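Data first, discussion second: the structure below is written as structure tokens.
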Amino acid sequence: MTEKWRCAHGFGLSEPCRECELDSARETVARWGERVDSARKVIAEAAGQSVMLKVAGKPFRCQCGCNVLHRLSGDRDLYACNACELQYEGQG
Ligand SMILES: [Zn+2]
Ligand SMILES: [Zn+2]
């Protein structure tokens, strides 16, 4: 006997269901989102490199709005945003 598997939204196995994908993505965020954030914070703090940069005397903000960056290891003066990981090169 062949019974076709269908999700709650009526889609079969060969038809990817957007609703189901969305549901599981939401669940992942709900379950892990907060932990990921705090894990990132722990890593940044452990590195001891969280800094608030100033450019021309004004607090520097990443384009995502975050003003806390951390220094990347290496010989260059490189910083990454704590929120979106965008990288900036320090001057001087
Ligand atoms: Zn579905
Ligand atoms: Zn950012």
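Labels used: A, B, ... for chains in the order of the structure tokens, numbers from 1 for residues in each chain, and numbers from 1 for ligands as shown.
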For chain A against ligand 1, with a cut-off of 12 Å and counting only C-alpha atoms and all ligand atoms, what is the closest atom pair and its distance in Å to one decimal for every residue that makes the cut, ordered by chain and number, as JSON lines?
{"residue": "A:Trp5", "atom": "CA", "partner": "ligand 1", "partner_atom_place_in_ligand_line": "1 (Zn)", "distance": 11.0}
{"residue": "A:Arg6", "atom": "CA", "partner": "ligand 1", "partner_atom_place_in_ligand_line": "1 (Zn)", "distance": 7.9}
{"residue": "A:Cys7", "atom": "CA", "partner": "ligand 1", "partner_atom_place_in_ligand_line": "1 (Zn)", "distance": 4.7}
{"residue": "A:Ala8", "atom": "CA", "partner": "ligand 1", "partner_atom_place_in_ligand_line": "1 (Zn)", "distance": 5.2}
{"residue": "A:His9", "atom": "CA", "partner": "ligand 1", "partner_atom_place_in_ligand_line": "1 (Zn)", "distance": 4.1}
{"residue": "A:Gly10", "atom": "CA", "partner": "ligand 1", "partner_atom_place_in_ligand_line": "1 (Zn)", "distance": 6.4}
{"residue": "A:Phe11", "atom": "CA", "partner": "ligand 1", "partner_atom_place_in_ligand_line": "1 (Zn)", "distance": 5.9}
{"residue": "A:Gly12", "atom": "CA", "partner": "ligand 1", "partner_atom_place_in_ligand_line": "1 (Zn)", "distance": 8.6}
{"residue": "A:Leu13", "atom": "CA", "partner": "ligand 1", "partner_atom_place_in_ligand_line": "1 (Zn)", "distance": 9.8}
{"residue": "A:Ser14", "atom": "CA", "partner": "ligand 1", "partner_atom_place_in_ligand_line": "1 (Zn)", "distance": 11.7}
{"residue": "A:Glu15", "atom": "CA", "partner": "ligand 1", "partner_atom_place_in_ligand_line": "1 (Zn)", "distance": 9.3}
{"residue": "A:Pro16", "atom": "CA", "partner": "ligand 1", "partner_atom_place_in_ligand_line": "1 (Zn)", "distance": 7.8}
{"residue": "A:Cys17", "atom": "CA", "partner": "ligand 1", "partner_atom_place_in_ligand_line": "1 (Zn)", "distance": 4.7}
{"residue": "A:Arg18", "atom": "CA", "partner": "ligand 1", "partner_atom_place_in_ligand_line": "1 (Zn)", "distance": 6.6}
{"residue": "A:Glu19", "atom": "CA", "partner": "ligand 1", "partner_atom_place_in_ligand_line": "1 (Zn)", "distance": 5.0}
{"residue": "A:Cys20", "atom": "CA", "partner": "ligand 1", "partner_atom_place_in_ligand_line": "1 (Zn)", "distance": 4.0}
{"residue": "A:Glu21", "atom": "CA", "partner": "ligand 1", "partner_atom_place_in_ligand_line": "1 (Zn)", "distance": 7.4}
{"residue": "A:Leu22", "atom": "CA", "partner": "ligand 1", "partner_atom_place_in_ligand_line": "1 (Zn)", "distance": 9.0}
{"residue": "A:Asp23", "atom": "CA", "partner": "ligand 1", "partner_atom_place_in_ligand_line": "1 (Zn)", "distance": 8.4}
{"residue": "A:Ser24", "atom": "CA", "partner": "ligand 1", "partner_atom_place_in_ligand_line": "1 (Zn)", "distance": 10.0}
Enumerate as number ranges by chain the residues within 8 Å of ligand 2, counting only C-alpha atoms and all ligand atoms. A: 61-67, 80-86
Same residues, all heavy atoms, saved as a tab-separated table (two decimals), in the first residue's frame:
chain	number	residue	atom	x	y	z
A	61	ARG	N	29.13	54.38	14.74
A	61	ARG	CA	28.06	53.39	14.64
A	61	ARG	C	28.17	52.61	13.36
A	61	ARG	O	28.40	53.19	12.30
A	61	ARG	CB	26.69	54.10	14.63
A	61	ARG	CG	26.00	54.01	15.95
A	61	ARG	CD	24.69	54.79	15.90
A	61	ARG	NE	24.34	55.25	17.23
A	61	ARG	CZ	23.86	54.47	18.19
A	61	ARG	NH1	23.64	53.20	17.95
A	61	ARG	NH2	23.59	54.95	19.37
A	62	CYS	N	27.97	51.32	13.49
A	62	CYS	CA	27.90	50.49	12.29
A	62	CYS	C	26.64	50.85	11.53
A	62	CYS	O	25.70	51.42	12.10
A	62	CYS	CB	27.87	49.02	12.72
A	62	CYS	SG	27.54	47.89	11.37
A	63	GLN	N	26.60	50.49	10.28
A	63	GLN	CA	25.41	50.82	9.50
A	63	GLN	C	24.17	50.07	9.98
A	63	GLN	O	23.05	50.45	9.65
A	63	GLN	CB	25.64	50.55	8.02
A	63	GLN	CG	25.93	49.09	7.70
A	63	GLN	CD	26.29	48.93	6.23
A	63	GLN	OE1	26.88	49.82	5.63
A	63	GLN	NE2	25.94	47.80	5.65
A	64	CYS	N	24.36	49.03	10.80
A	64	CYS	CA	23.20	48.32	11.33
A	64	CYS	C	22.69	49.00	12.59
A	64	CYS	O	21.65	48.64	13.13
A	64	CYS	CB	23.55	46.86	11.64
A	64	CYS	SG	24.48	46.61	13.15
A	65	GLY	N	23.44	50.01	13.09
A	65	GLY	CA	22.98	50.74	14.26
A	65	GLY	C	23.69	50.36	15.54
A	65	GLY	O	23.57	51.02	16.55
A	66	CYS	N	24.46	49.27	15.49
A	66	CYS	CA	25.18	48.81	16.67
A	66	CYS	C	26.44	49.66	16.87
A	66	CYS	O	27.11	50.00	15.90
A	66	CYS	CB	25.55	47.34	16.49
A	66	CYS	SG	26.52	46.67	17.83
A	67	ASN	N	26.74	50.01	18.12
A	67	ASN	CA	27.94	50.81	18.33
A	67	ASN	C	29.01	50.07	19.11
A	67	ASN	O	29.97	50.65	19.57
A	67	ASN	CB	27.59	52.14	19.00
A	67	ASN	CG	27.02	51.94	20.39
A	67	ASN	OD1	26.71	50.83	20.77
A	67	ASN	ND2	26.89	53.00	21.14
A	80	ALA	N	35.21	44.26	14.00
A	80	ALA	CA	33.97	43.73	13.43
A	80	ALA	C	32.81	44.11	14.33
A	80	ALA	O	32.94	44.15	15.56
A	80	ALA	CB	34.05	42.22	13.30
A	81	CYS	N	31.72	44.43	13.71
A	81	CYS	CA	30.51	44.79	14.46
A	81	CYS	C	30.03	43.59	15.27
A	81	CYS	O	30.02	42.47	14.77
A	81	CYS	CB	29.43	45.23	13.47
A	81	CYS	SG	27.83	45.44	14.23
A	82	ASN	N	29.65	43.83	16.52
A	82	ASN	CA	29.19	42.73	17.37
A	82	ASN	C	27.84	42.19	16.91
A	82	ASN	O	27.50	41.06	17.20
A	82	ASN	CB	29.05	43.21	18.81
A	82	ASN	CG	30.35	43.05	19.58
A	82	ASN	OD1	31.42	42.91	18.99
A	82	ASN	ND2	30.28	43.09	20.89
A	83	ALA	N	27.10	43.00	16.21
A	83	ALA	CA	25.76	42.56	15.82
A	83	ALA	C	25.73	41.91	14.45
A	83	ALA	O	25.19	40.83	14.28
A	83	ALA	CB	24.80	43.74	15.85
A	84	CYS	N	26.32	42.56	13.46
A	84	CYS	CA	26.18	42.04	12.10
A	84	CYS	C	27.48	41.53	11.51
A	84	CYS	O	27.51	41.05	10.38
A	84	CYS	CB	25.57	43.10	11.19
A	84	CYS	SG	26.71	44.44	10.77
A	85	GLU	N	28.60	41.64	12.26
A	85	GLU	CA	29.90	41.10	11.84
A	85	GLU	C	30.51	41.84	10.66
A	85	GLU	O	31.49	41.38	10.08
A	85	GLU	CB	29.79	39.59	11.50
A	85	GLU	CG	29.25	38.76	12.64
A	85	GLU	CD	30.24	38.59	13.77
A	85	GLU	OE1	31.45	38.70	13.54
A	85	GLU	OE2	29.80	38.39	14.92
A	86	LEU	N	29.96	42.97	10.30
A	86	LEU	CA	30.57	43.77	9.26
A	86	LEU	C	31.92	44.26	9.78
A	86	LEU	O	32.06	44.60	10.94
A	86	LEU	CB	29.67	44.97	8.95
A	86	LEU	CG	29.85	45.62	7.58
A	86	LEU	CD1	29.39	44.68	6.48
A	86	LEU	CD2	29.05	46.90	7.51
Using only C-alpha atoms, can you tell me which of A:Ala30, A:Glu89, A:Ser50, A:Ala25 comes closest to A:Arg76?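 So, comparing all the options, the nearest one is A:Glu89.
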Using DSSP on the backbone, list every residue of chain A that comes out as strand (DSSP E or B), and give them as a list in words.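 So, restricting chain A to strand (DSSP E or B), we get Arg6, Gly12, Ser50, Val51, Lys54, Val55, Lys58, Pro59, Leu69, His70, Arg71, Leu78, Tyr79, Ala80, Cys81, Gln87, Tyr88 and Glu89 of chain A.
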One decimal, Å: what's the distance from atom CA of A:Lys58 over to atom CA of A:Gly90, could you say?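 About the pair atom CA of A:Lys58 and atom CA of A:Gly90: they are 14.4 Å apart.
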Helix (DSSP H, G or I) per DSSP on the backbone: members of stretch 5-92 of chain A, as a PDB file with N, CA and C atoms, in the first residue's frame:
ATOM      1  N   ARG A  18       6.199  26.133   2.019  1.00  0.00           N
ATOM      2  CA  ARG A  18       6.686  27.392   2.592  1.00  0.00           C
ATOM      3  C   ARG A  18       6.280  27.546   4.050  1.00  0.00           C
ATOM      4  N   GLU A  19       5.023  27.192   4.308  1.00  0.00           N
ATOM      5  CA  GLU A  19       4.498  27.354   5.665  1.00  0.00           C
ATOM      6  C   GLU A  19       5.291  26.508   6.664  1.00  0.00           C
ATOM      7  N   CYS A  20       5.590  25.294   6.248  1.00  0.00           N
ATOM      8  CA  CYS A  20       6.348  24.411   7.133  1.00  0.00           C
ATOM      9  C   CYS A  20       7.766  24.942   7.337  1.00  0.00           C
ATOM     10  N   GLU A  21       8.368  25.439   6.274  1.00  0.00           N
ATOM     11  CA  GLU A  21       9.708  26.001   6.389  1.00  0.00           C
ATOM     12  C   GLU A  21       9.713  27.172   7.349  1.00  0.00           C
ATOM     13  N   LEU A  22       8.690  28.001   7.207  1.00  0.00           N
ATOM     14  CA  LEU A  22       8.568  29.186   8.051  1.00  0.00           C
ATOM     15  C   LEU A  22       8.372  28.783   9.506  1.00  0.00           C
ATOM     16  N   ASP A  23       7.509  27.778   9.700  1.00  0.00           N
ATOM     17  CA  ASP A  23       7.255  27.295  11.052  1.00  0.00           C
ATOM     18  C   ASP A  23       8.537  26.836  11.722  1.00  0.00           C
ATOM     19  N   SER A  24       9.326  26.055  10.998  1.00  0.00           N
ATOM     20  CA  SER A  24      10.524  25.510  11.634  1.00  0.00           C
ATOM     21  C   SER A  24      11.573  26.599  11.825  1.00  0.00           C
ATOM     22  N   ALA A  25      11.605  27.575  10.897  1.00  0.00           N
ATOM     23  CA  ALA A  25      12.534  28.687  11.073  1.00  0.00           C
ATOM     24  C   ALA A  25      12.160  29.495  12.309  1.00  0.00           C
ATOM     25  N   ARG A  26      10.862  29.724  12.472  1.00  0.00           N
ATOM     26  CA  ARG A  26      10.411  30.473  13.651  1.00  0.00           C
ATOM     27  C   ARG A  26      10.739  29.735  14.925  1.00  0.00           C
ATOM     28  N   GLU A  27      10.544  28.432  14.872  1.00  0.00           N
ATOM     29  CA  GLU A  27      10.807  27.621  16.056  1.00  0.00           C
ATOM     30  C   GLU A  27      12.289  27.675  16.423  1.00  0.00           C
ATOM     31  N   THR A  28      13.128  27.599  15.401  1.00  0.00           N
ATOM     32  CA  THR A  28      14.570  27.664  15.640  1.00  0.00           C
ATOM     33  C   THR A  28      14.948  28.983  16.288  1.00  0.00           C
ATOM     34  N   VAL A  29      14.395  30.066  15.766  1.00  0.00           N
ATOM     35  CA  VAL A  29      14.704  31.377  16.324  1.00  0.00           C
ATOM     36  C   VAL A  29      14.201  31.485  17.752  1.00  0.00           C
ATOM     37  N   ALA A  30      12.988  30.988  17.974  1.00  0.00           N
ATOM     38  CA  ALA A  30      12.407  31.066  19.314  1.00  0.00           C
ATOM     39  C   ALA A  30      13.227  30.250  20.307  1.00  0.00           C
ATOM     40  N   ARG A  31      13.740  29.116  19.828  1.00  0.00           N
ATOM     41  CA  ARG A  31      14.443  28.227  20.748  1.00  0.00           C
ATOM     42  C   ARG A  31      15.901  28.634  20.944  1.00  0.00           C
ATOM     43  N   TRP A  32      16.532  29.091  19.858  1.00  0.00           N
ATOM     44  CA  TRP A  32      17.971  29.314  19.931  1.00  0.00           C
ATOM     45  C   TRP A  32      18.398  30.767  19.801  1.00  0.00           C
ATOM     46  N   GLY A  33      17.500  31.592  19.283  1.00  0.00           N
ATOM     47  CA  GLY A  33      17.892  32.972  19.001  1.00  0.00           C
ATOM     48  C   GLY A  33      18.562  33.662  20.173  1.00  0.00           C
ATOM     49  N   GLU A  34      17.920  33.571  21.321  1.00  0.00           N
ATOM     50  CA  GLU A  34      18.447  34.244  22.501  1.00  0.00           C
ATOM     51  C   GLU A  34      19.806  33.677  22.905  1.00  0.00           C
ATOM     52  N   ARG A  35      19.915  32.363  22.794  1.00  0.00           N
ATOM     53  CA  ARG A  35      21.178  31.718  23.177  1.00  0.00           C
ATOM     54  C   ARG A  35      22.303  32.104  22.234  1.00  0.00           C
ATOM     55  N   VAL A  36      21.968  32.203  20.960  1.00  0.00           N
ATOM     56  CA  VAL A  36      22.994  32.592  19.993  1.00  0.00           C
ATOM     57  C   VAL A  36      23.498  33.990  20.329  1.00  0.00           C
ATOM     58  N   ASP A  37      22.565  34.871  20.628  1.00  0.00           N
ATOM     59  CA  ASP A  37      22.950  36.232  20.987  1.00  0.00           C
ATOM     60  C   ASP A  37      23.860  36.251  22.199  1.00  0.00           C
ATOM     61  N   SER A  38      23.472  35.510  23.237  1.00  0.00           N
ATOM     62  CA  SER A  38      24.276  35.554  24.450  1.00  0.00           C
ATOM     63  C   SER A  38      25.587  34.809  24.259  1.00  0.00           C
ATOM     64  N   ALA A  39      25.575  33.791  23.422  1.00  0.00           N
ATOM     65  CA  ALA A  39      26.829  33.080  23.138  1.00  0.00           C
ATOM     66  C   ALA A  39      27.809  34.019  22.435  1.00  0.00           C
ATOM     67  N   ARG A  40      27.286  34.804  21.510  1.00  0.00           N
ATOM     68  CA  ARG A  40      28.133  35.761  20.805  1.00  0.00           C
ATOM     69  C   ARG A  40      28.732  36.764  21.779  1.00  0.00           C
ATOM     70  N   LYS A  41      27.898  37.169  22.721  1.00  0.00           N
ATOM     71  CA  LYS A  41      28.344  38.150  23.692  1.00  0.00           C
ATOM     72  C   LYS A  41      29.469  37.566  24.544  1.00  0.00           C
ATOM     73  N   VAL A  42      29.272  36.321  24.946  1.00  0.00           N
ATOM     74  CA  VAL A  42      30.287  35.648  25.760  1.00  0.00           C
ATOM     75  C   VAL A  42      31.607  35.557  24.996  1.00  0.00           C
ATOM     76  N   ILE A  43      31.511  35.189  23.732  1.00  0.00           N
ATOM     77  CA  ILE A  43      32.717  35.080  22.912  1.00  0.00           C
ATOM     78  C   ILE A  43      33.411  36.434  22.800  1.00  0.00           C
ATOM     79  N   ALA A  44      32.633  37.456  22.556  1.00  0.00           N
ATOM     80  CA  ALA A  44      33.217  38.787  22.408  1.00  0.00           C
ATOM     81  C   ALA A  44      33.855  39.245  23.712  1.00  0.00           C
ATOM     82  N   GLU A  45      33.169  38.925  24.823  1.00  0.00           N
ATOM     83  CA  GLU A  45      33.712  39.339  26.112  1.00  0.00           C
ATOM     84  C   GLU A  45      34.959  38.557  26.466  1.00  0.00           C
ATOM     85  N   ALA A  46      34.933  37.271  26.128  1.00  0.00           N
ATOM     86  CA  ALA A  46      36.102  36.425  26.398  1.00  0.00           C
ATOM     87  C   ALA A  46      37.305  36.937  25.618  1.00  0.00           C
ATOM     88  N   ALA A  47      37.043  37.393  24.440  1.00  0.00           N
ATOM     89  CA  ALA A  47      38.136  37.945  23.642  1.00  0.00           C
ATOM     90  C   ALA A  47      38.617  39.246  24.275  1.00  0.00           C
TER      91      ALA A  47
END
